[in-house]
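Q: What follows is a single structure, and I will ask about it in a moment.
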Amino acid sequence: MIITEQTSILRIRNIAVSPATFLSPMAGLTDSVFRRLIKRLGGCGLVMTEFTSAEGLTRNSVKSRRMLFYHEEERPVTAQLFGSDPGRLAEATRMVEDLGFDAIDLNLGCPAKKVVKACGGSALLREPRLLERILKEIRSAARIPFTIKIRSGWSESEIVALEVGQMAQDLGVEAITLHPRTRVQGFSGKADWRVIARLKAHLKIPVIGNGDIVTAADAMRMRKETGCDGVMVGRGALTNPWMFRQIGETECGMPVTLPDIGDKYDLIKRYFSLLFEEETPGAIGKMKQFASWFTHAIPRGAALRKAIYESRSEREVMGRIEEFFQRALVATPQT
């Protein structure tokens, strides 16, 4: 479905993000296959790579290099990096630029213990001097647009979104995404959208809101309540990959198109076909992972998940899926 020109446009220097919707980078999830699937469904203005270690990239890690694989159809596409060494982050920035990415993003939000222990991700929110050096080094190294993604702070007593946002703006960062949970919260509790509103009122650069968007109506409500320039969808896109298209429909005052069982069957086949085409390492694990998100919205999906988890080969997984959906299509009249 094509969304009309009435949808929002966000400009980050020379990048026109249209519509102003972003797929959140999620470790182990938003690889090139999933990003292309989202792009083909329509409505997503910009995608990001999984967060990639600057340390690993500059040491020629095969895993880090693989994370930066992308197809032209994904554009505009941003490479997201994490790390704590200013020099390595600058070197990784130049490598990302040489690979042809449209922009670079620095992760300042990851709450994972392994990342935080090395002073990466959300740990940098507690290290303003080091963060200032990192931002300066990346800005100096990057000719392409430079953005950051942050959390509101380390804890409720250490909310630093406005201070970090101001520092970033002063040092030439061109857009900022805020997930208004703290590192201590992880993914529990509720995202405090009021912090997004305060950050938007405080800065001149674009502010993108992220957190607790599980329906198109949530995205519209976030924009209305916070005034943010764009919205980033994370976990909501895993169970509903049509989310971005539905946001565009809602924004244009159109009825939201809900996928039927045939659409879901087609999508899961397309995803698996892309995995096979790319010869993705660990394809069976990826197939099972995708099925665990996606089949929660399908009647009797638990039976399908069980069948997929018990499969031992790609052929067996596809056979179980074909069998399940053929029965479902017979039982469900198509409109």
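Residues in the structure tokens are numbered from 1 in each chain, the chains being A, B, ... in the order shown, and ligands are numbered from 1 in the order shown.
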Apply DSSP to the backbone of this structure and, from stretch 79-315 of chain A, keep only the residues in alpha helix (DSSP H); write these as an NGL selection string.

A: :A and (86-98 or 113-117 or 128-141 or 161-170 or 193-202 or 216-226 or 236-239 or 243-251 or 261-278 or 283-294 or 301-309 or 314-315)

Q: Considering only C-alpha atoms, tabulate each residue of stretch 10-110 of chain A that lies at most 12 Å from stretch 280-288 of chain A along with its nearest interatomic pair and the corresponding distance in Å to one decimal; arrange the rows by chain and ascending residue number and present them as a tab-separated table.

A:
```
residue	atom	partner	partner_atom	distance
A:Gly28	CA	A:Lys286	CA	9.0
A:Leu29	CA	A:Lys286	CA	8.5
A:Thr30	CA	A:Lys286	CA	11.0
A:Asp31	CA	A:Thr280	CA	9.8
A:Ser32	CA	A:Thr280	CA	9.9
A:Val33	CA	A:Thr280	CA	8.7
A:Phe34	CA	A:Lys286	CA	10.2
A:Lys63	CA	A:Pro281	CA	10.4
A:Arg66	CA	A:Thr280	CA	10.0
A:Met67	CA	A:Thr280	CA	11.4
A:Phe69	CA	A:Thr280	CA	11.4
```

Q: Tell me which protein, DNA and RNA residues are within 8 Å of A:Trp154, counting only C-alpha atoms, leaving out same-chain ones fewer than 6 positions away, and put them as a tab-separated table (two decimals) with N, CA and C atoms, in the first residue's frame.

A:
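As written to disk, part_38.tsv reads:
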```tsv
chain	number	residue	atom	x	y	z
A	122	SER	N	24.42	2.76	27.93
A	122	SER	CA	23.89	3.71	28.91
A	122	SER	C	24.89	4.10	29.99
A	123	ALA	N	25.99	3.35	30.15
A	123	ALA	CA	27.01	3.71	31.14
A	123	ALA	C	27.62	5.08	30.84
A	125	LEU	N	26.18	7.69	30.02
A	125	LEU	CA	25.36	8.78	30.56
A	125	LEU	C	25.86	9.24	31.93
A	126	ARG	N	26.69	8.41	32.57
A	126	ARG	CA	27.26	8.77	33.88
A	126	ARG	C	28.69	9.30	33.74
A	182	THR	N	15.03	4.50	32.34
A	182	THR	CA	16.39	4.56	32.86
A	182	THR	C	17.09	3.22	32.64
A	183	ARG	N	18.39	3.23	32.84
A	183	ARG	CA	19.13	1.97	32.72
A	183	ARG	C	18.66	0.99	33.78
A	184	VAL	N	18.39	1.49	34.99
A	184	VAL	CA	17.93	0.63	36.08
A	184	VAL	C	16.60	-0.03	35.71
```

Q: In terms of the shortest atom-to-atom distance over only C-alpha atoms, which of A:Val62, A:Ala92, A:Val256, A:Ala328 is closest to A:Ala217?

A: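 Using only C-alpha atoms, A:Ala217 sits closest to A:Val256.
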
Q: Using DSSP on the backbone coordinates, identify all residues within stretch 78-308 of chain A classified as strand (DSSP E); present the result as a count of residues only.

A: 35

Q: What's the 9 Å shell around A:Glu225, counting only C-alpha atoms, without same-chain residues fewer than 5 positions away, as a PyMOL selection string?

A: chain A and resi 193-194+197+220

Q: Counting only C-alpha atoms, which residue out of A:Asn210, A:Ser157, A:Ser152, A:Ser140 sits closest to A:Leu171?

A: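 Checking each of A:Asn210, A:Ser157, A:Ser152, A:Ser140 against A:Leu171, counting only C-alpha atoms, the winner is A:Ser140.
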
Q: If we count only C-alpha atoms, what is near A:Val96 at a cut-off of 10 Å, once residues fewer than 6 positions away on the same chain are taken out, given as a list in words?

A: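 In the requested format, the answer is Ala54, Leu57, Arg65, Leu68, Thr78, Ala79, Gln80, Leu81, Ala90, Asp102, Ala103, Ile104, Ala142 and Ile144 of chain A.
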